[in-house]
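Chemist: Below you'll find my_file11.csv; it's CSV, C-alpha atoms.
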```
chain,number,residue,atom,x,y,z
A,1211,MET,CA,-30.0,-31.2,0.0
A,1212,SER,CA,-30.0,-32.9,-3.4
A,1213,PRO,CA,-26.7,-34.6,-4.6
A,1214,ALA,CA,-26.6,-32.1,-7.5
A,1215,ARG,CA,-26.7,-29.2,-5.1
A,1216,THR,CA,-23.9,-30.8,-3.0
A,1217,ASP,CA,-21.8,-31.3,-6.1
A,1218,HIS,CA,-22.4,-27.7,-7.1
A,1219,ASP,CA,-21.3,-26.4,-3.7
A,1220,ALA,CA,-18.2,-28.6,-3.7
A,1221,ARG,CA,-17.2,-27.4,-7.1
A,1222,ARG,CA,-17.8,-23.8,-6.1
A,1223,HIS,CA,-15.5,-24.4,-3.1
A,1224,ASP,CA,-12.9,-25.8,-5.5
A,1225,VAL,CA,-13.2,-22.7,-7.8
A,1226,SER,CA,-12.8,-20.4,-4.8
A,1227,GLU,CA,-9.7,-22.3,-3.7
A,1228,ALA,CA,-8.3,-22.0,-7.2
A,1229,VAL,CA,-9.0,-18.2,-7.3
A,1230,TRP,CA,-7.2,-17.8,-4.0
A,1231,ARG,CA,-4.1,-19.8,-5.2
A,1232,VAL,CA,-3.9,-17.7,-8.4
A,1233,LEU,CA,-4.2,-14.5,-6.4
A,1234,ALA,CA,-1.5,-15.5,-3.8
A,1235,GLU,CA,0.9,-16.4,-6.6
A,1236,HIS,CA,0.1,-14.0,-9.4
A,1237,GLY,CA,-1.9,-11.1,-7.9
A,1238,PHE,CA,-4.8,-9.4,-9.5
A,1239,ALA,CA,-2.8,-8.7,-12.6
A,1240,GLY,CA,-2.5,-12.5,-13.1
A,1241,LEU,CA,-6.2,-13.3,-12.2
A,1242,THR,CA,-7.8,-14.6,-15.4
A,1243,LEU,CA,-10.4,-17.2,-16.2
A,1244,ARG,CA,-7.7,-19.2,-17.9
A,1245,ALA,CA,-5.3,-19.0,-14.9
A,1246,VAL,CA,-8.1,-20.2,-12.5
A,1247,ALA,CA,-9.0,-23.0,-14.9
A,1248,ALA,CA,-5.3,-24.1,-15.0
A,1249,ALA,CA,-5.1,-24.0,-11.2
A,1250,MET,CA,-8.0,-26.4,-11.1
A,1251,GLY,CA,-6.8,-28.6,-13.9
A,1252,ALA,CA,-10.2,-27.8,-15.6
A,1253,SER,CA,-11.3,-26.1,-18.8
A,1254,THR,CA,-11.8,-22.4,-19.1
A,1255,GLY,CA,-15.4,-23.3,-20.1
A,1256,LEU,CA,-16.0,-24.7,-16.7
A,1257,VAL,CA,-14.8,-21.5,-15.0
A,1258,THR,CA,-17.0,-19.3,-17.3
A,1259,HIS,CA,-19.9,-21.3,-15.8
A,1260,TYR,CA,-19.2,-19.5,-12.5
A,1261,PHE,CA,-18.0,-16.1,-13.8
A,1262,ALA,CA,-19.3,-14.2,-16.8
A,1263,GLY,CA,-16.0,-12.3,-17.1
A,1264,LYS,CA,-13.1,-10.6,-15.4
A,1265,HIS,CA,-15.3,-8.2,-13.4
A,1266,GLU,CA,-17.2,-11.0,-11.7
A,1267,LEU,CA,-14.0,-12.9,-11.1
A,1268,ILE,CA,-12.5,-9.9,-9.3
A,1269,ALA,CA,-15.7,-9.3,-7.3
A,1270,HIS,CA,-15.6,-13.0,-6.1
A,1271,ALA,CA,-11.9,-12.7,-5.3
A,1272,LEU,CA,-12.7,-9.7,-3.0
A,1273,ASP,CA,-15.5,-11.6,-1.4
A,1274,ILE,CA,-13.2,-14.5,-0.6
A,1275,LEU,CA,-10.6,-12.0,0.7
A,1276,GLU,CA,-13.1,-10.3,3.0
A,1277,ALA,CA,-14.4,-13.7,4.3
A,1278,ARG,CA,-10.9,-15.0,4.9
A,1279,THR,CA,-10.0,-11.8,6.7
A,1280,ARG,CA,-13.0,-12.1,8.9
A,1281,GLN,CA,-12.4,-15.7,9.7
A,1282,ARG,CA,-8.6,-15.5,10.3
A,1283,PRO,CA,-7.3,-16.4,13.8
A,1284,ARG,CA,-6.9,-13.3,15.9
A,1285,LEU,CA,-5.1,-12.5,19.1
A,1286,GLU,CA,-7.6,-13.4,21.9
A,1287,ALA,CA,-8.1,-10.6,24.4
A,1288,PRO,CA,-11.8,-9.9,24.8
A,1289,ALA,CA,-11.2,-7.9,28.0
A,1290,ALA,CA,-8.6,-5.6,26.6
A,1291,THR,CA,-9.5,-1.9,26.5
A,1292,GLY,CA,-7.6,1.3,25.8
A,1293,LEU,CA,-4.0,1.0,24.7
A,1294,PRO,CA,-3.8,-2.8,24.9
A,1295,ALA,CA,-6.9,-3.0,22.7
A,1296,LEU,CA,-5.3,-0.6,20.2
A,1297,ARG,CA,-2.2,-2.8,20.2
A,1298,ILE,CA,-4.2,-5.9,19.4
A,1299,HIS,CA,-6.1,-4.2,16.6
A,1300,LEU,CA,-2.8,-3.1,15.0
A,1301,LEU,CA,-1.1,-6.5,15.5
A,1302,ASP,CA,-4.2,-8.3,14.0
A,1303,ILE,CA,-3.6,-6.4,10.8
A,1304,LEU,CA,0.1,-7.3,10.3
A,1305,PRO,CA,1.6,-10.2,8.3
A,1306,LEU,CA,2.7,-12.2,11.4
A,1307,THR,CA,1.8,-15.7,10.2
A,1308,PRO,CA,1.9,-17.4,6.8
A,1309,ASP,CA,-1.9,-16.9,6.5
A,1310,GLY,CA,-1.5,-13.2,7.5
A,1311,VAL,CA,1.2,-12.8,4.8
A,1312,ALA,CA,-1.1,-14.3,2.1
A,1313,ILE,CA,-4.1,-12.2,3.2
A,1314,ASN,CA,-2.0,-9.0,3.3
A,1315,ARG,CA,-0.3,-9.7,0.0
A,1316,ILE,CA,-3.8,-10.0,-1.6
A,1317,TRP,CA,-5.2,-6.9,0.2
A,1318,VAL,CA,-2.2,-4.8,-1.0
A,1319,GLY,CA,-2.6,-6.2,-4.5
A,1320,SER,CA,-6.4,-5.3,-4.5
A,1321,TRP,CA,-5.5,-1.6,-4.2
A,1322,ASP,CA,-4.7,-1.5,-7.9
A,1323,VAL,CA,-8.1,-2.7,-9.0
A,1324,ALA,CA,-9.9,-0.8,-6.2
A,1325,LEU,CA,-8.4,2.5,-7.3
A,1326,SER,CA,-9.8,2.1,-10.8
A,1327,ASP,CA,-13.3,0.8,-10.2
A,1328,PRO,CA,-15.8,3.2,-8.5
A,1329,ALA,CA,-17.8,0.4,-6.7
A,1330,LEU,CA,-14.7,-1.3,-5.4
A,1331,PHE,CA,-13.2,2.1,-4.5
A,1332,ALA,CA,-16.3,3.0,-2.4
A,1333,ALA,CA,-16.2,-0.4,-0.7
A,1334,GLN,CA,-12.6,-0.1,0.2
A,1335,ALA,CA,-13.0,3.6,1.4
A,1336,THR,CA,-15.9,2.4,3.6
A,1337,ARG,CA,-13.9,-0.4,5.0
A,1338,TYR,CA,-11.0,1.9,6.0
A,1339,GLU,CA,-13.4,4.4,7.5
A,1340,ARG,CA,-14.8,1.5,9.6
A,1341,ILE,CA,-11.3,0.4,10.8
A,1342,ARG,CA,-10.4,4.0,11.7
A,1343,ALA,CA,-13.6,4.2,13.8
A,1344,VAL,CA,-12.6,1.0,15.7
A,1345,LEU,CA,-9.1,2.4,16.3
A,1346,ARG,CA,-10.6,5.7,17.3
A,1347,ALA,CA,-12.8,4.1,19.9
A,1348,ALA,CA,-9.8,2.3,21.5
A,1349,ILE,CA,-7.9,5.6,21.4
A,1350,GLU,CA,-10.7,7.5,23.2
A,1351,ASP,CA,-10.8,4.8,25.8
A,1352,ALA,CA,-7.0,5.1,26.2
A,1353,GLN,CA,-7.4,8.9,26.6
A,1354,ARG,CA,-10.0,8.4,29.3
A,1355,LEU,CA,-7.7,6.0,31.1
A,1356,GLY,CA,-4.8,8.5,30.9
A,1357,GLU,CA,-2.8,6.2,28.6
A,1358,LEU,CA,-2.8,8.6,25.7
A,1359,PRO,CA,-2.7,12.5,25.7
A,1360,ALA,CA,-6.3,13.8,26.3
A,1361,ARG,CA,-5.5,16.8,24.1
A,1362,ALA,CA,-4.8,14.8,20.9
A,1363,ASP,CA,-7.5,14.5,18.2
A,1364,ALA,CA,-8.6,10.8,18.4
A,1365,TRP,CA,-9.5,10.7,14.7
A,1366,ARG,CA,-6.1,12.1,13.7
A,1367,LEU,CA,-4.3,9.5,15.9
A,1368,ALA,CA,-6.5,6.7,14.5
A,1369,THR,CA,-5.5,7.8,10.9
A,1370,THR,CA,-1.9,7.9,11.9
A,1371,ALA,CA,-2.0,4.5,13.6
A,1372,LEU,CA,-3.7,2.9,10.6
A,1373,SER,CA,-1.3,4.6,8.2
A,1374,PHE,CA,1.7,3.4,10.2
A,1375,THR,CA,0.3,-0.2,10.3
A,1376,HIS,CA,-0.7,-0.4,6.5
A,1377,GLY,CA,2.7,1.0,5.6
A,1378,LEU,CA,4.4,-1.5,7.8
A,1379,VAL,CA,2.5,-4.3,6.0
A,1380,VAL,CA,4.0,-3.1,2.7
A,1381,GLN,CA,7.5,-2.8,4.1
A,1382,ALA,CA,7.3,-6.2,5.7
A,1383,LEU,CA,6.0,-7.8,2.5
A,1384,PHE,CA,8.9,-6.3,0.5
A,1385,ALA,CA,11.5,-7.0,3.2
A,1386,PRO,CA,10.5,-10.2,5.1
A,1387,ASP,CA,14.1,-10.8,6.2
A,1388,ARG,CA,14.5,-7.3,7.6
A,1389,LEU,CA,11.0,-7.3,9.2
A,1390,PRO,CA,10.2,-10.8,10.6
A,1391,PRO,CA,7.2,-11.0,13.0
A,1392,GLU,CA,9.1,-10.1,16.1
A,1393,HIS,CA,10.6,-6.9,14.6
A,1394,GLN,CA,7.1,-5.8,13.3
A,1395,ILE,CA,5.8,-6.3,16.9
A,1396,GLU,CA,8.8,-4.3,18.3
A,1397,LEU,CA,8.0,-1.4,15.9
A,1398,VAL,CA,4.3,-1.4,17.0
A,1399,ASP,CA,5.4,-1.3,20.6
A,1400,ASP,CA,7.8,1.5,19.9
A,1401,PHE,CA,5.1,3.4,18.1
A,1402,LEU,CA,2.6,3.0,20.9
A,1403,ALA,CA,5.3,3.8,23.5
A,1404,GLY,CA,5.9,7.1,21.6
A,1405,LEU,CA,2.2,8.0,21.8
A,1406,ALA,CA,2.1,7.1,25.5
A,1407,ALA,CA,5.3,9.1,26.2
A,1408,ASP,CA,3.4,12.2,24.9
A,1409,ALA,CA,0.7,11.4,27.5
A,1410,ASP,CA,3.3,11.1,30.4
A,1411,GLN,CA,4.7,14.5,29.3
A,1412,SER,CA,1.3,16.2,29.1
A,1413,THR,CA,0.4,15.3,32.7
B,731,MET,CA,19.7,13.0,-36.2
B,732,SER,CA,17.8,11.6,-39.2
B,733,PRO,CA,14.1,12.4,-39.7
B,734,ALA,CA,13.3,8.7,-39.2
B,735,ARG,CA,15.0,8.7,-35.8
B,736,THR,CA,13.1,11.9,-34.8
B,737,ASP,CA,9.8,10.3,-35.9
B,738,HIS,CA,10.7,7.2,-33.9
B,739,ASP,CA,11.5,9.2,-30.8
B,740,ALA,CA,8.3,11.2,-31.1
B,741,ARG,CA,6.2,8.1,-31.6
B,742,ARG,CA,8.0,6.5,-28.6
B,743,HIS,CA,7.0,9.5,-26.5
B,744,ASP,CA,3.4,9.2,-27.7
B,745,VAL,CA,3.4,5.5,-26.6
B,746,SER,CA,4.8,6.4,-23.2
B,747,GLU,CA,2.2,9.1,-22.7
B,748,ALA,CA,-0.5,6.5,-23.6
B,749,VAL,CA,0.9,4.0,-21.2
B,750,TRP,CA,0.8,6.6,-18.4
B,751,ARG,CA,-2.9,7.6,-19.2
B,752,VAL,CA,-4.0,3.9,-19.2
B,753,LEU,CA,-2.2,3.4,-15.8
B,754,ALA,CA,-3.6,6.5,-14.2
B,755,GLU,CA,-7.1,5.5,-15.2
B,756,HIS,CA,-7.2,1.7,-15.1
B,757,GLY,CA,-4.1,0.6,-13.1
B,758,PHE,CA,-1.8,-2.3,-13.9
B,759,ALA,CA,-4.8,-4.7,-14.1
B,760,GLY,CA,-6.0,-2.6,-17.1
B,761,LEU,CA,-2.7,-2.2,-18.8
B,762,THR,CA,-2.9,-4.2,-22.0
B,763,LEU,CA,-1.4,-3.7,-25.5
B,764,ARG,CA,-5.0,-3.2,-26.7
B,765,ALA,CA,-5.7,-0.5,-24.0
B,766,VAL,CA,-2.5,1.4,-24.9
B,767,ALA,CA,-3.4,1.3,-28.6
B,768,ALA,CA,-6.9,2.6,-27.9
B,769,ALA,CA,-5.5,5.4,-25.8
B,770,MET,CA,-3.3,6.4,-28.8
B,771,GLY,CA,-6.1,5.9,-31.4
B,772,ALA,CA,-3.7,3.4,-33.0
B,773,SER,CA,-3.7,-0.2,-33.9
B,774,THR,CA,-2.6,-3.0,-31.5
B,775,GLY,CA,-0.1,-3.9,-34.2
B,776,LEU,CA,1.7,-0.5,-33.8
B,777,VAL,CA,2.0,-1.0,-30.1
B,778,THR,CA,3.4,-4.6,-30.5
B,779,HIS,CA,6.2,-2.9,-32.5
B,780,TYR,CA,7.3,-1.3,-29.1
B,781,PHE,CA,6.4,-4.1,-26.7
B,782,ALA,CA,6.7,-7.9,-27.3
B,783,GLY,CA,4.1,-8.6,-24.6
B,784,LYS,CA,2.6,-7.7,-21.3
B,785,HIS,CA,5.9,-8.2,-19.4
B,786,GLU,CA,7.8,-5.6,-21.6
B,787,LEU,CA,4.8,-3.3,-21.2
B,788,ILE,CA,4.9,-3.5,-17.4
B,789,ALA,CA,8.7,-3.0,-17.4
B,790,HIS,CA,8.3,0.1,-19.5
B,791,ALA,CA,5.5,1.4,-17.2
B,792,LEU,CA,7.8,1.0,-14.2
B,793,ASP,CA,10.6,2.9,-16.1
B,794,ILE,CA,8.2,5.8,-16.8
B,795,LEU,CA,7.0,5.7,-13.2
B,796,GLU,CA,10.6,5.9,-11.9
B,797,ALA,CA,11.5,8.7,-14.3
B,798,ARG,CA,8.4,10.8,-13.5
B,799,THR,CA,9.1,10.3,-9.8
B,800,ARG,CA,12.7,11.4,-10.2
B,801,GLN,CA,11.6,14.5,-12.2
B,802,ARG,CA,8.6,15.5,-10.1
B,803,PRO,CA,8.8,19.0,-8.5
B,804,ARG,CA,10.0,18.8,-5.0
B,805,LEU,CA,10.0,21.1,-2.0
B,806,GLU,CA,13.1,23.2,-2.3
B,807,ALA,CA,15.3,23.2,0.8
B,808,PRO,CA,18.8,22.3,-0.1
B,809,ALA,CA,20.2,23.6,3.3
B,810,ALA,CA,17.7,21.6,5.4
B,811,THR,CA,19.2,19.1,7.8
B,812,GLY,CA,18.0,16.9,10.6
B,813,LEU,CA,14.3,17.1,11.4
B,814,PRO,CA,13.4,19.7,8.7
B,815,ALA,CA,15.1,17.5,6.1
B,816,LEU,CA,13.2,14.4,7.4
B,817,ARG,CA,10.0,16.5,7.1
B,818,ILE,CA,10.7,17.4,3.5
B,819,HIS,CA,11.6,13.8,2.6
B,820,LEU,CA,8.2,12.6,4.0
B,821,LEU,CA,6.2,15.5,2.4
B,822,ASP,CA,7.9,14.8,-1.0
B,823,ILE,CA,6.4,11.3,-1.0
B,824,LEU,CA,2.8,12.3,-0.3
B,825,PRO,CA,0.0,13.0,-2.9
B,826,LEU,CA,-0.1,16.7,-2.3
B,827,THR,CA,-0.6,17.8,-5.9
B,828,PRO,CA,-2.5,16.3,-8.9
B,829,ASP,CA,0.8,14.9,-10.3
B,830,GLY,CA,1.7,13.5,-6.8
B,831,VAL,CA,-1.7,11.8,-6.7
B,832,ALA,CA,-1.2,10.2,-10.2
B,833,ILE,CA,2.4,9.1,-9.3
B,834,ASN,CA,1.3,7.6,-6.0
B,835,ARG,CA,-1.8,5.9,-7.5
B,836,ILE,CA,0.5,4.2,-9.9
B,837,TRP,CA,3.1,3.3,-7.3
B,838,VAL,CA,0.5,1.8,-5.1
B,839,GLY,CA,-1.0,-0.1,-8.1
B,840,SER,CA,2.5,-1.4,-9.0
B,841,TRP,CA,2.7,-3.3,-5.7
B,842,ASP,CA,0.4,-6.0,-7.1
B,843,VAL,CA,2.7,-6.8,-10.0
B,844,ALA,CA,5.9,-6.3,-8.0
B,845,LEU,CA,4.8,-8.8,-5.3
B,846,SER,CA,4.4,-11.6,-8.0
B,847,ASP,CA,7.5,-11.0,-10.2
B,848,PRO,CA,11.0,-11.8,-8.6
B,849,ALA,CA,12.9,-9.1,-10.6
B,850,LEU,CA,10.3,-6.4,-9.9
B,851,PHE,CA,10.1,-7.5,-6.3
B,852,ALA,CA,13.9,-7.2,-5.9
B,853,ALA,CA,13.9,-3.7,-7.6
B,854,GLN,CA,11.1,-2.5,-5.3
B,855,ALA,CA,12.8,-3.9,-2.2
B,856,THR,CA,16.1,-2.2,-3.2
B,857,ARG,CA,14.2,1.0,-3.8
B,858,TYR,CA,12.6,1.0,-0.3
B,859,GLU,CA,16.0,0.0,1.3
B,860,ARG,CA,17.5,3.1,-0.4
B,861,ILE,CA,14.6,5.4,0.8
B,862,ARG,CA,15.0,4.1,4.4
B,863,ALA,CA,18.7,4.8,4.2
B,864,VAL,CA,18.0,8.4,3.2
B,865,LEU,CA,15.5,8.8,6.1
B,866,ARG,CA,18.0,7.2,8.5
B,867,ALA,CA,20.7,9.7,7.6
B,868,ALA,CA,18.3,12.6,8.3
B,869,ILE,CA,17.3,10.9,11.6
B,870,GLU,CA,20.9,10.5,12.6
B,871,ASP,CA,21.6,14.1,11.9
B,872,ALA,CA,18.5,15.0,14.0
B,873,GLN,CA,19.8,12.9,16.8
B,874,ARG,CA,23.2,14.6,16.7
B,875,LEU,CA,21.3,18.0,16.8
B,876,GLY,CA,19.3,16.9,19.8
B,877,GLU,CA,16.0,17.1,17.8
B,878,LEU,CA,15.3,13.3,18.2
B,879,PRO,CA,16.1,11.0,21.1
B,880,ALA,CA,19.7,9.8,20.9
B,881,ARG,CA,18.8,6.5,22.4
B,882,ALA,CA,16.4,5.5,19.6
B,883,ASP,CA,17.5,3.1,16.8
B,884,ALA,CA,17.7,5.2,13.7
B,885,TRP,CA,17.0,2.3,11.4
B,886,ARG,CA,13.8,1.5,13.3
B,887,LEU,CA,12.7,5.1,13.3
B,888,ALA,CA,13.3,5.3,9.5
B,889,THR,CA,11.2,2.2,9.0
B,890,THR,CA,8.4,3.6,11.1
B,891,ALA,CA,8.6,7.0,9.3
B,892,LEU,CA,8.4,5.3,5.9
B,893,SER,CA,5.6,3.0,7.0
B,894,PHE,CA,3.6,5.9,8.4
B,895,THR,CA,4.1,7.9,5.1
B,896,HIS,CA,3.3,5.0,2.7
B,897,GLY,CA,0.2,4.1,4.7
B,898,LEU,CA,-0.9,7.8,4.7
B,899,VAL,CA,-0.5,7.7,0.9
B,900,VAL,CA,-3.0,4.8,0.8
B,901,GLN,CA,-5.4,6.4,3.2
B,902,ALA,CA,-5.3,9.7,1.3
B,903,LEU,CA,-5.9,8.0,-2.1
B,904,PHE,CA,-9.0,6.3,-0.7
B,905,ALA,CA,-10.2,9.2,1.3
B,906,PRO,CA,-9.2,12.4,-0.6
B,907,ASP,CA,-12.0,14.4,1.0
B,908,ARG,CA,-11.0,13.4,4.5
B,909,LEU,CA,-7.3,13.9,3.8
B,910,PRO,CA,-6.7,16.9,1.6
B,911,PRO,CA,-3.1,18.1,1.3
B,912,GLU,CA,-3.3,20.4,4.4
B,913,HIS,CA,-4.5,17.5,6.6
B,914,GLN,CA,-1.8,15.2,5.3
B,915,ILE,CA,0.8,17.9,6.2
B,916,GLU,CA,-0.8,18.3,9.7
B,917,LEU,CA,-0.5,14.5,10.3
B,918,VAL,CA,3.2,14.6,9.3
B,919,ASP,CA,3.8,17.5,11.6
B,920,ASP,CA,2.0,15.7,14.5
B,921,PHE,CA,4.0,12.6,13.8
B,922,LEU,CA,7.3,14.5,13.8
B,923,ALA,CA,6.2,16.4,16.9
B,924,GLY,CA,5.6,13.1,18.6
B,925,LEU,CA,9.1,11.9,17.9
B,926,ALA,CA,10.5,15.2,19.0
B,927,ALA,CA,8.5,15.2,22.2
B,928,ASP,CA,10.3,11.9,23.1
B,929,ALA,CA,13.6,13.8,22.7
B,930,ASP,CA,12.5,16.6,25.0
B,931,GLN,CA,11.5,14.0,27.6
B,932,SER,CA,14.8,12.0,27.4
B,933,THR,CA,16.9,15.1,28.1
```
Would you mind giving the structure from this file in structure tokens?
Modeler:
Amino acid sequence: MSPARTDHDARRHDVSEAVWRVLAEHGFAGLTLRAVAAAMGASTGLVTHYFAGKHELIAHALDILEARTRQRPRLEAPAATGLPALRIHLLDILPLTPDGVAINRIWVGSWDVALSDPALFAAQATRYERIRAVLRAAIEDAQRLGELPARADAWRLATTALSFTHGLVVQALFAPDRLPPEHQIELVDDFLAGLAADADQST
Amino acid sequence: MSPARTDHDARRHDVSEAVWRVLAEHGFAGLTLRAVAAAMGASTGLVTHYFAGKHELIAHALDILEARTRQRPRLEAPAATGLPALRIHLLDILPLTPDGVAINRIWVGSWDVALSDPALFAAQATRYERIRAVLRAAIEDAQRLGELPARADAWRLATTALSFTHGLVVQALFAPDRLPPEHQIELVDDFLAGLAADADQST
């Protein structure tokens, strides 16, 4: 790799870090070429070398968000199946760590731009469809294991579980004192116990 | 009232309508003095007569949002109490009508700016605390009436119910074909039936 290439990659990394800091502090509404330049202590001209405009900047921001979400530490439980697997999927979404708070704050902020841009909207819709499918598979396993009521529609339960979890993210971001990590976990456990109680009743 | 005052009020109404149209189409990220002027077919200069800058524009946008939310048509059931009252509170939040979709799209979009501005953050946090208190009162009535398990913590149930409903708003905005109004209502009824099933079991 040539030195020029290495410099370019290092600078690109600096730009991405600056985009992330601007997002975490000011959200998408505050994400401008000027703000990114200021966060780097660089000129706006340098930043325009990487992004032609606001649209490219937002696209890059969402790429970073997706990458950081993929790479975030997760609860380790490769052998979990059924209800315990569902629990881990839900807990992995929540803002239980400082990194989880930053990632969620930026995901919630991204809904504003995603709702107004057809390509971003489609990407977000596909992403949620994929998460619902993962939850649905865990729910179907739980049904086979007798942990959840066999009569329930797994797709509807998956939608309910994802709704509950996304809404809890929003409540926790706006009420961090009311909903510290241990309370969020309690609410997830209450929620899952409620689903399981239905199963007990149906047998 | 002088003619000048009437003109001023009429123009102010036009400006508010333009702000709403810009928000519904482009979200908070697209809310600029220039976009509002374009939506009115007026000059940016005219709009700066009403808003000194972006901050005042966002504050006005949130005032309109709050007013339209207060004035929106609601399900009429003044005599409802307990679980039926809780059901109505949850349904009143959801995007079940075109107006409800617009209002929710703008509320969800407002989270990005509210998470980055201390005053807006505090206003939003207070708003959700107030909604949780309303839900909690309905839940406590339902517990007294034996419709919900008496042993459950009403504040936790209220947080869970609001989380579920806000998350369902987000899922419905991103998957309107998957979650038309009748499916959203089914999910609310499933959710409430789940809570009620716990009550049956505890007796």
Chemist: Residues of chain B near chain A: apply a cut-off of 6 Å, count all atoms listed in the file, and supply the list as a PDB file with C-alpha atoms, in the coordinates of the input.
Modeler:
```pdb
ATOM      1  CA  HIS B 756      -7.200   1.700 -15.100  1.00  0.00           C
ATOM      2  CA  GLY B 757      -4.100   0.600 -13.100  1.00  0.00           C
ATOM      3  CA  ALA B 759      -4.800  -4.700 -14.100  1.00  0.00           C
ATOM      4  CA  GLY B 839      -1.000  -0.100  -8.100  1.00  0.00           C
ATOM      5  CA  ASP B 842       0.400  -6.000  -7.100  1.00  0.00           C
ATOM      6  CA  SER B 846       4.400 -11.600  -8.000  1.00  0.00           C
ATOM      7  CA  ALA B 855      12.800  -3.900  -2.200  1.00  0.00           C
ATOM      8  CA  SER B 893       5.600   3.000   7.000  1.00  0.00           C
ATOM      9  CA  PHE B 894       3.600   5.900   8.400  1.00  0.00           C
ATOM     10  CA  HIS B 896       3.300   5.000   2.700  1.00  0.00           C
ATOM     11  CA  GLY B 897       0.200   4.100   4.700  1.00  0.00           C
ATOM     12  CA  LEU B 898      -0.900   7.800   4.700  1.00  0.00           C
ATOM     13  CA  PHE B 904      -9.000   6.300  -0.700  1.00  0.00           C
TER      14      PHE B 904
END
```
Chemist: Could you pull the residues within 9 Å of region 1272-1277 of chain A, counting only C-alpha atoms, minus those fewer than 4 positions along the same chain, as a PyMOL selection string?
Modeler: chain A and resi 1226+1229-1230+1267-1268+1281-1282+1313+1316-1317+1320+1330
Chemist: Rounded to one decimal in Å, what is the spacing between CA of Gly1251 (chain A) and CA of Pro1308 (chain A)?
Modeler: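 About the pair CA of Gly1251 (chain A) and CA of Pro1308 (chain A): they are 25.1 Å apart.
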Chemist: Work out how far apart CA of Ala748 (chain B) and CA of Thr827 (chain B) are and give it in Å to one decimal.
Modeler: 21.0 Å
Chemist: What's the separation between CA of Pro1391 (chain A) and CA of Pro1305 (chain A), in Å to one decimal place?
Modeler: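 CA of Pro1391 (chain A) sits 7.4 Å away from CA of Pro1305 (chain A).
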